[in-house]
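With mmCIF, C-alpha atoms inside, this is work_37.cif:
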```cif
data_run
#
loop_
_atom_site.label_atom_id
_atom_site.label_comp_id
_atom_site.auth_asym_id
_atom_site.auth_seq_id
_atom_site.Cartn_x
_atom_site.Cartn_y
_atom_site.Cartn_z
CA MET A 1 56.32 13.18 -5.21
CA THR A 2 56.03 11.45 -8.57
CA ALA A 3 57.07 7.80 -8.54
CA LEU A 4 59.89 6.67 -10.79
CA ARG A 5 58.75 4.83 -13.91
CA ILE A 6 60.40 2.63 -16.51
CA PRO A 7 59.61 3.94 -20.01
CA ALA A 8 57.39 1.53 -21.93
CA ARG A 9 59.84 1.53 -24.85
CA ASP A 10 62.49 0.12 -22.49
CA ILE A 11 60.21 -2.83 -21.73
CA LEU A 12 58.62 -3.81 -25.05
CA SER A 13 58.98 -3.04 -28.72
CA ALA A 14 56.39 -0.85 -30.44
CA ASP A 15 54.73 -3.91 -31.98
CA GLU A 16 54.64 -5.73 -28.65
CA LEU A 17 53.14 -2.69 -26.94
CA ALA A 18 50.42 -2.44 -29.58
CA ALA A 19 49.59 -6.12 -29.21
CA PHE A 20 49.47 -6.04 -25.42
CA ARG A 21 47.31 -2.95 -25.18
CA GLU A 22 44.73 -4.24 -27.68
CA ARG A 23 41.27 -4.24 -26.10
CA ARG A 24 38.97 -7.10 -27.07
CA THR A 25 35.44 -6.19 -26.09
CA TRP A 26 34.22 -9.77 -26.37
CA ARG A 27 36.78 -10.84 -23.78
CA ALA A 28 35.62 -8.16 -21.35
CA VAL A 29 31.99 -9.12 -21.87
CA TRP A 30 32.89 -12.77 -21.31
CA MET A 31 34.62 -11.99 -18.00
CA ILE A 32 31.68 -9.88 -16.81
CA ALA A 33 29.28 -12.67 -17.80
CA HIS A 34 31.53 -15.19 -16.04
CA ALA A 35 31.40 -13.18 -12.80
CA TRP A 36 27.62 -12.92 -12.88
CA ALA A 37 27.21 -16.57 -13.86
CA LEU A 38 29.20 -17.64 -10.79
CA ILE A 39 27.18 -15.27 -8.60
CA LEU A 40 23.83 -16.55 -9.88
CA GLY A 41 25.07 -20.13 -9.80
CA ALA A 42 26.01 -19.74 -6.13
CA VAL A 43 22.56 -18.34 -5.37
CA ALA A 44 20.95 -21.27 -7.20
CA LEU A 45 23.11 -23.70 -5.23
CA VAL A 46 21.78 -22.37 -1.92
CA ALA A 47 18.20 -22.24 -3.23
CA LEU A 48 18.35 -25.87 -4.34
CA PHE A 49 20.45 -27.27 -1.47
CA PRO A 50 19.97 -24.98 1.54
CA ASN A 51 22.42 -25.90 4.29
CA PRO A 52 25.29 -24.21 6.17
CA PHE A 53 27.98 -25.60 3.84
CA THR A 54 26.39 -24.33 0.61
CA PHE A 55 25.66 -20.98 2.28
CA VAL A 56 29.26 -20.44 3.37
CA LEU A 57 30.55 -21.60 -0.01
CA ALA A 58 28.18 -19.21 -1.79
CA VAL A 59 29.23 -16.28 0.40
CA MET A 60 32.89 -16.93 -0.45
CA ILE A 61 32.23 -17.34 -4.18
CA ILE A 62 29.99 -14.28 -4.40
CA GLY A 63 32.30 -12.12 -2.27
CA SER A 64 35.23 -13.00 -4.51
CA ARG A 65 33.19 -12.21 -7.64
CA GLN A 66 32.18 -8.88 -6.12
CA LEU A 67 35.89 -8.19 -5.92
CA GLY A 68 36.04 -9.46 -9.51
CA LEU A 69 33.47 -6.86 -10.56
CA ALA A 70 35.56 -4.18 -8.84
CA ILE A 71 38.61 -5.44 -10.74
CA LEU A 72 36.76 -5.21 -14.04
CA MET A 73 35.54 -1.74 -13.07
CA HIS A 74 39.20 -0.92 -12.49
CA ASP A 75 39.98 -2.06 -16.04
CA GLY A 76 37.17 0.20 -17.22
CA ALA A 77 38.72 3.09 -15.32
CA HIS A 78 41.86 2.50 -17.40
CA GLY A 79 39.78 2.33 -20.59
CA ALA A 80 40.69 -1.33 -21.03
CA LEU A 81 37.27 -3.00 -21.34
CA ALA A 82 36.36 -1.74 -24.82
CA ARG A 83 37.85 0.45 -27.54
CA ASP A 84 34.81 2.71 -27.59
CA GLU A 85 34.81 4.84 -24.43
CA LYS A 86 31.02 5.02 -24.23
CA LEU A 87 30.76 1.24 -24.30
CA ASN A 88 33.73 0.94 -21.94
CA LEU A 89 32.02 3.24 -19.43
CA PHE A 90 28.62 1.55 -19.83
CA LEU A 91 30.02 -1.92 -19.16
CA SER A 92 32.12 -0.68 -16.27
CA GLN A 93 29.36 1.32 -14.59
CA TYR A 94 26.22 -0.76 -14.92
CA PHE A 95 27.60 -4.29 -14.72
CA CYS A 96 30.63 -3.78 -12.46
CA ALA A 97 30.71 -0.58 -10.42
CA TYR A 98 27.10 0.24 -9.57
CA PRO A 99 26.23 -3.23 -8.21
CA VAL A 100 29.00 -2.91 -5.59
CA PHE A 101 28.20 0.76 -4.82
CA ALA A 102 31.19 2.17 -6.71
CA GLU A 103 31.52 4.70 -9.57
CA THR A 104 34.03 4.42 -12.40
CA ARG A 105 34.69 8.08 -13.21
CA ALA A 106 35.25 9.15 -9.61
CA TYR A 107 37.42 6.09 -9.05
CA ARG A 108 39.44 6.93 -12.17
CA ARG A 109 40.34 10.39 -10.89
CA TYR A 110 41.41 8.97 -7.56
CA HIS A 111 43.18 5.93 -8.92
CA LEU A 112 45.38 7.67 -11.48
CA ALA A 113 46.92 9.64 -8.62
CA HIS A 114 47.90 6.30 -7.06
CA HIS A 115 49.70 5.31 -10.26
CA ALA A 116 51.48 8.64 -10.47
CA HIS A 117 52.67 8.58 -6.85
CA THR A 118 52.95 4.86 -6.04
CA GLN A 119 54.27 4.33 -2.49
CA GLN A 120 55.27 7.97 -2.22
CA PRO A 121 54.10 10.26 0.62
CA ASP A 122 51.30 11.68 -1.55
CA ASP A 123 50.04 8.29 -2.75
CA PRO A 124 46.31 8.27 -1.85
CA ASP A 125 46.53 4.51 -1.22
CA LEU A 126 49.58 4.67 1.05
CA ALA A 127 47.42 4.25 4.17
CA LEU A 128 46.46 0.78 2.92
CA SER A 129 50.06 -0.48 2.98
CA ALA A 130 51.95 1.78 5.40
CA PRO A 131 50.80 0.09 8.67
CA PHE A 132 52.44 -3.21 7.72
CA PRO A 133 54.09 -5.31 8.98
CA VAL A 134 51.89 -5.81 12.03
CA THR A 135 51.75 -8.58 14.62
CA ARG A 136 49.79 -11.76 14.02
CA ALA A 137 47.31 -10.69 16.68
CA SER A 138 46.78 -7.35 14.95
CA LEU A 139 46.22 -9.02 11.60
CA ARG A 140 43.73 -11.44 13.18
CA ARG A 141 41.82 -8.51 14.65
CA LYS A 142 41.67 -6.86 11.24
CA PHE A 143 40.31 -9.98 9.57
CA LEU A 144 37.82 -10.49 12.41
CA ARG A 145 36.45 -7.00 11.83
CA ASP A 146 36.22 -7.80 8.12
CA ILE A 147 34.49 -11.18 8.35
CA SER A 148 32.11 -9.98 11.07
CA GLY A 149 30.84 -7.21 8.81
CA ARG A 150 32.16 -4.37 10.95
CA THR A 151 34.54 -3.00 8.30
CA GLY A 152 31.86 -3.20 5.62
CA PHE A 153 29.27 -1.54 7.85
CA ASP A 154 31.61 1.31 8.73
CA GLN A 155 32.46 1.91 5.07
CA ARG A 156 28.88 1.76 3.82
CA LYS A 157 27.65 3.98 6.66
CA ALA A 158 30.31 6.60 5.93
CA GLN A 159 29.52 6.41 2.21
CA PHE A 160 25.78 6.96 2.71
CA VAL A 161 26.30 9.74 5.27
CA ALA A 162 28.66 11.54 2.87
CA ALA A 163 26.18 11.12 0.02
CA LEU A 164 23.43 12.79 2.08
CA GLY A 165 25.53 15.93 2.35
CA ASP A 166 25.35 18.61 5.03
CA PRO A 167 22.33 18.23 7.38
CA ALA A 168 21.94 22.03 7.21
CA TRP A 169 21.15 21.87 3.49
CA PRO A 170 17.53 21.99 2.32
CA ARG A 171 15.97 18.55 1.81
CA ALA A 172 15.80 18.96 -1.97
CA GLN A 173 19.51 19.80 -2.11
CA ARG A 174 20.40 16.80 0.05
CA LEU A 175 18.31 14.46 -2.11
CA ALA A 176 19.91 15.83 -5.27
CA HIS A 177 23.35 15.37 -3.75
CA PHE A 178 22.49 11.82 -2.71
CA TRP A 179 21.28 10.96 -6.20
CA ASP A 180 24.44 12.40 -7.73
CA ARG A 181 26.65 10.35 -5.42
CA LEU A 182 24.72 7.11 -4.96
CA GLY A 183 21.51 7.24 -6.99
CA PRO A 184 22.54 4.95 -9.87
CA GLN A 185 24.08 2.49 -7.43
CA CYS A 186 20.87 2.29 -5.42
CA ALA A 187 18.77 1.97 -8.59
CA VAL A 188 20.87 -0.92 -9.89
CA ASN A 189 20.71 -2.64 -6.51
CA ALA A 190 16.94 -2.15 -6.44
CA ALA A 191 16.77 -3.81 -9.85
CA LEU A 192 18.93 -6.64 -8.53
CA PHE A 193 16.57 -7.13 -5.58
CA ALA A 194 13.57 -7.05 -7.93
CA GLY A 195 15.21 -9.70 -10.09
CA PHE A 196 15.77 -12.00 -7.13
CA ALA A 197 12.20 -11.41 -5.95
CA ALA A 198 10.79 -12.20 -9.39
CA ALA A 199 12.73 -15.47 -9.33
CA GLY A 200 11.18 -16.32 -5.96
CA VAL A 201 14.38 -15.87 -3.95
CA TRP A 202 14.01 -12.34 -2.54
CA TRP A 203 16.07 -13.44 0.49
CA ALA A 204 19.10 -13.85 -1.77
CA TYR A 205 19.61 -10.08 -1.95
CA PRO A 206 20.18 -9.46 1.80
CA LEU A 207 21.79 -12.83 2.52
CA LEU A 208 23.75 -13.55 -0.67
CA TRP A 209 24.46 -10.11 -2.07
CA ILE A 210 24.71 -7.64 0.81
CA GLY A 211 26.00 -10.34 3.16
CA PRO A 212 29.07 -11.24 1.07
CA LEU A 213 29.64 -7.57 0.20
CA MET A 214 29.90 -6.77 3.91
CA THR A 215 31.99 -9.81 4.90
CA TRP A 216 34.03 -11.99 2.53
CA HIS A 217 34.44 -9.17 0.04
CA MET A 218 36.05 -7.12 2.82
CA VAL A 219 38.38 -10.01 3.68
CA VAL A 220 39.62 -10.57 0.13
CA THR A 221 39.92 -6.83 -0.47
CA ARG A 222 42.24 -6.57 2.53
CA ILE A 223 44.27 -9.56 1.33
CA ARG A 224 44.58 -7.95 -2.10
CA ASN A 225 45.62 -4.60 -0.62
CA ILE A 226 48.30 -6.29 1.47
CA ALA A 227 49.60 -8.37 -1.41
CA GLU A 228 49.88 -5.46 -3.82
CA HIS A 229 51.89 -2.90 -1.87
CA ALA A 230 52.46 -3.87 1.78
CA VAL A 231 55.98 -4.76 2.98
CA VAL A 232 57.53 -4.24 -0.45
CA PRO A 233 61.36 -4.13 -0.63
CA ASP A 234 61.84 -0.65 -2.12
CA SER A 235 59.19 2.07 -2.37
CA ASP A 236 61.22 3.96 -4.98
CA ASP A 237 61.92 1.09 -7.38
CA PRO A 238 59.08 0.44 -9.88
CA LEU A 239 60.10 -3.22 -10.00
CA ARG A 240 59.98 -3.55 -6.20
CA ASN A 241 57.37 -1.10 -4.90
CA THR A 242 54.55 -3.27 -6.22
CA ARG A 243 54.11 -7.01 -5.99
CA THR A 244 52.94 -9.87 -8.17
CA THR A 245 51.73 -12.94 -6.28
CA ALA A 246 51.44 -16.35 -7.89
CA ALA A 247 47.94 -17.77 -7.46
CA ASN A 248 46.73 -21.35 -7.78
CA TRP A 249 43.22 -22.21 -8.93
CA LEU A 250 41.74 -22.09 -5.41
CA GLU A 251 43.23 -18.66 -4.79
CA ARG A 252 41.91 -17.47 -8.14
CA LEU A 253 38.45 -18.74 -7.22
CA PHE A 254 38.22 -17.33 -3.69
CA ILE A 255 40.81 -14.51 -3.42
CA ALA A 256 42.34 -13.29 -6.68
CA PRO A 257 39.93 -13.32 -9.65
CA TYR A 258 40.59 -11.97 -13.14
CA PHE A 259 44.38 -11.70 -12.99
CA VAL A 260 44.43 -9.18 -10.13
CA ASN A 261 47.51 -10.95 -8.73
CA TYR A 262 49.64 -9.58 -11.62
CA HIS A 263 49.89 -6.18 -10.00
CA LEU A 264 53.51 -5.37 -10.77
CA GLU A 265 52.85 -5.86 -14.48
CA HIS A 266 49.78 -3.65 -14.24
CA HIS A 267 51.75 -0.82 -12.65
CA LEU A 268 54.47 -0.96 -15.27
CA LEU A 269 51.94 -0.81 -18.15
CA PHE A 270 48.61 0.20 -16.63
CA TYR A 271 46.73 0.40 -19.94
CA VAL A 272 47.18 -3.32 -20.64
CA PRO A 273 43.89 -5.27 -20.23
CA CYS A 274 43.99 -7.68 -17.32
CA TYR A 275 43.77 -10.79 -19.52
CA ASN A 276 47.09 -9.86 -21.19
CA LEU A 277 48.98 -9.57 -17.90
CA PRO A 278 50.08 -13.25 -17.64
CA LYS A 279 51.85 -13.08 -21.01
CA LEU A 280 53.34 -9.73 -20.08
CA HIS A 281 54.61 -11.29 -16.85
CA ASP A 282 56.51 -13.95 -18.81
CA ILE A 283 58.25 -11.32 -20.94
CA LEU A 284 59.10 -9.11 -17.97
CA ALA A 285 60.44 -12.08 -16.00
CA SER A 286 62.87 -12.84 -18.83
CA LYS A 287 64.03 -9.19 -19.00
CA PHE A 288 64.21 -8.42 -15.27
CA ALA A 289 64.98 -11.84 -13.76
CA GLY A 290 65.63 -11.55 -10.04
CA ARG A 291 64.72 -7.86 -9.86
CA MET A 292 60.93 -8.10 -9.72
CA GLU A 293 59.07 -8.41 -6.42
CA VAL A 294 57.23 -11.71 -6.90
CA GLN A 295 55.98 -14.01 -4.14
CA PRO A 296 54.92 -17.66 -4.54
CA ASP A 297 51.49 -17.45 -2.87
CA TYR A 298 49.23 -15.35 -0.66
CA ARG A 299 50.14 -17.29 2.49
CA THR A 300 53.73 -16.13 2.11
CA VAL A 301 52.64 -12.51 1.72
CA LEU A 302 50.41 -12.68 4.80
CA ARG A 303 53.29 -14.12 6.83
CA MET A 304 55.40 -11.16 5.73
CA ALA A 305 52.60 -8.76 6.64
CA ALA A 306 52.35 -10.27 10.15
CA ALA A 307 56.08 -10.40 10.86
CA ARG A 308 56.17 -7.80 13.64
CA PRO A 309 57.11 -9.40 17.01
CA ALA A 310 54.19 -10.20 19.32
CA SER A 311 55.84 -8.10 22.05
CA GLU A 312 55.10 -5.01 19.96
CA ASP A 313 51.36 -5.70 19.76
CA GLN A 314 49.40 -2.67 20.94
CA PRO A 315 45.67 -3.41 21.24
CA GLY A 316 45.15 0.22 22.22
CA MET A 317 45.96 1.13 18.64
CA ARG A 318 42.68 -0.42 17.50
CA MET A 319 40.96 2.96 17.97
CA VAL A 320 43.55 4.51 15.63
CA ASP A 321 42.85 1.72 13.15
CA ARG A 322 39.13 2.48 13.33
CA ARG A 323 39.75 6.16 12.75
CA ARG A 324 41.86 5.28 9.73
CA ALA A 325 39.07 3.01 8.52
CA HIS A 326 36.53 5.81 8.88
CA ALA A 327 38.82 8.17 6.97
CA ALA A 328 39.30 5.60 4.22
CA ALA A 329 35.56 4.95 4.13
CA ARG A 330 34.93 8.55 3.24
CA GLU A 331 36.73 7.78 0.01
CA THR A 332 34.77 4.59 -0.68
CA ASP A 333 32.63 6.21 -3.36
CA ARG A 334 35.85 7.23 -5.12
CA SER A 335 37.92 4.15 -4.49
CA ALA A 336 37.44 0.42 -4.67
CA GLY A 337 40.16 -0.02 -2.09
CA GLY A 338 43.16 0.59 -4.30
CA PHE A 339 44.47 -1.40 -7.26
#
```
The structure in this file should be written as structure tokens.
Amino acid sequence: MTALRIPARDILSADELAAFRERRTWRAVWMIAHAWALILGAVALVALFPNPFTFVLAVMIIGSRQLGLAILMHDGAHGALARDEKLNLFLSQYFCAYPVFAETRAYRRYHLAHHAHTQQPDDPDLALSAPFPVTRASLRRKFLRDISGRTGFDQRKAQFVAALGDPAWPRAQRLAHFWDRLGPQCAVNAALFAGFAAAGVWWAYPLLWIGPLMTWHMVVTRIRNIAEHAVVPDSDDPLRNTRTTAANWLERLFIAPYFVNYHLEHHLLFYVPCYNLPKLHDILASKFAGRMEVQPDYRTVLRMAAARPASEDQPGMRMVDRRRAHAAARETDRSAGGF
């Protein structure tokens, strides 16, 4: 079922639409450079001042920037990083998608279906929001699996197994299939490891790249998924089947980088680059005051997501959750977890 949409001309004038959809390559390059600068800065912090506090801080910063790279890949999937599609794809693939084991073109095919069928039965991302609300205990279990690395391990394992193809295939066919699905991602990660090793911090790759990818990145990805579409007021209303969440500077640093919290605005006009979403929000708020699903912070959204009574907690459902996670993991090479 196709989701209802508000025509763009009913939201902005032709001149406003042209201004908002303008892609400034320098701005995209700056955001990509900003993400990598924070990542390398966090690694340097641990190298210079190795202690538990700097390590935990680095894991949280790097994990959030890994989400940031996925967000910028998402902009690339919408053609919003650069006017030239070849440059748009190059920036999105090599500096955003491949480092976090994603792929822009496959994600684009998957993701556009989410925009066309938002919160409808055939929305490919519906499984990310449909289970909510849950109990507090259930939400704690989910976050424990995330921060412990279990969710990340399950997803990466499923991704690599799928990339290897059918065990009955000849070895050459399986290797070719693996290269087609994950070869560039592995090559870019090998280059990343080589770069760390050349700088004398080879340990940074397993501890401060793979570690955050498997832990904090999973936590903030779940928070983002919940905030964007879980427990929304009306799955059929384009102003209420997607949520914008206000974010302070700490939330932007650790949870919601690069304007990802402006998700309602993105769904209404998905070709608008992420850095134009705050201004778009101001205009939409003046036109649709009181109608938009906007929450004041992520804590409020998580309280809503954990509003089911404790008496309804069913720990036996954890196996169902794991099966859902395995099914979702099979799509990991196509999806960055929904946007």
Closest of A:Val260, A:Ala198, A:Leu112, A:Ala47 to A:Leu72, counting all atoms listed in the file, is A:Val260
Using the chain letters and numbers from this file, what does the PyMOL selection byres ((chain A and resi 251) around 12) select? Give the answer as a PyMOL selection string. chain A and resi 60-61+64+220+223-224+245-250+252-261+296-299
In Å, rounded to a single decimal, give me how far atom CA of A:Gln66 is from atom CA of A:Phe160. 19.2 Å
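Interatomic distance, atom CA of A:Pro99 to atom CA of A:Met218: 15.3 Å.
One distance worth recording is that between atom CA of A:Pro52 and atom CA of A:Ala35, which is 22.8 Å.
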Give me, as a VMD selection string, all polymer residues having an atom no more than 10 Å from A:Ala70, counting all atoms listed in the file and skipping those fewer than 6 positions away in the same chain. chain A and resid 64 76 92 95 to 104 221 335 to 337 339
Written as a ChimeraX atom specification, what is the full residue list that the PyMOL selection byres ((chain A and resi 276) around 12) yields on the file shown? /A:16-24,27-28,75,80-81,258-260,262,265-266,269-275,277-283
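Closest approach to A:Arg181 from the set A:Ala168, A:Leu144, A:Leu139, A:Ala106 is made by A:Ala106, with distances taken over all atoms listed in the file.
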Return as number ranges by chain the set of residues that the PyMOL selection byres ((chain A and resi 62) around 10) yields on the displayed structure. A: 35-36, 38-43, 56-61, 63-68, 208-213, 216-217, 253-254
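Residues with any atom within 8 Å of the point (51.4, -11.1, 7.2), counting all atoms listed in the file, are Phe132, Pro133, Val134, Thr135, Arg136, Leu139, Arg299, Thr300, Val301, Leu302, Arg303, Met304, Ala305, Ala306 and Ala307 of chain A.
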Write to file, as a JSON list (two decimals), keeping the file's coordinate frame, the residues of the selection just made, with C-alpha atoms.
```json
[["chain", "number", "residue", "atom", "x", "y", "z"],
["A", 132, "PHE", "CA", 52.44, -3.21, 7.72],
["A", 133, "PRO", "CA", 54.09, -5.31, 8.98],
["A", 134, "VAL", "CA", 51.89, -5.81, 12.03],
["A", 135, "THR", "CA", 51.75, -8.58, 14.62],
["A", 136, "ARG", "CA", 49.79, -11.76, 14.02],
["A", 139, "LEU", "CA", 46.22, -9.02, 11.60],
["A", 299, "ARG", "CA", 50.14, -17.29, 2.49],
["A", 300, "THR", "CA", 53.73, -16.13, 2.11],
["A", 301, "VAL", "CA", 52.64, -12.51, 1.72],
["A", 302, "LEU", "CA", 50.41, -12.68, 4.80],
["A", 303, "ARG", "CA", 53.29, -14.12, 6.83],
["A", 304, "MET", "CA", 55.40, -11.16, 5.73],
["A", 305, "ALA", "CA", 52.60, -8.76, 6.64],
["A", 306, "ALA", "CA", 52.35, -10.27, 10.15],
["A", 307, "ALA", "CA", 56.08, -10.40, 10.86]]
```
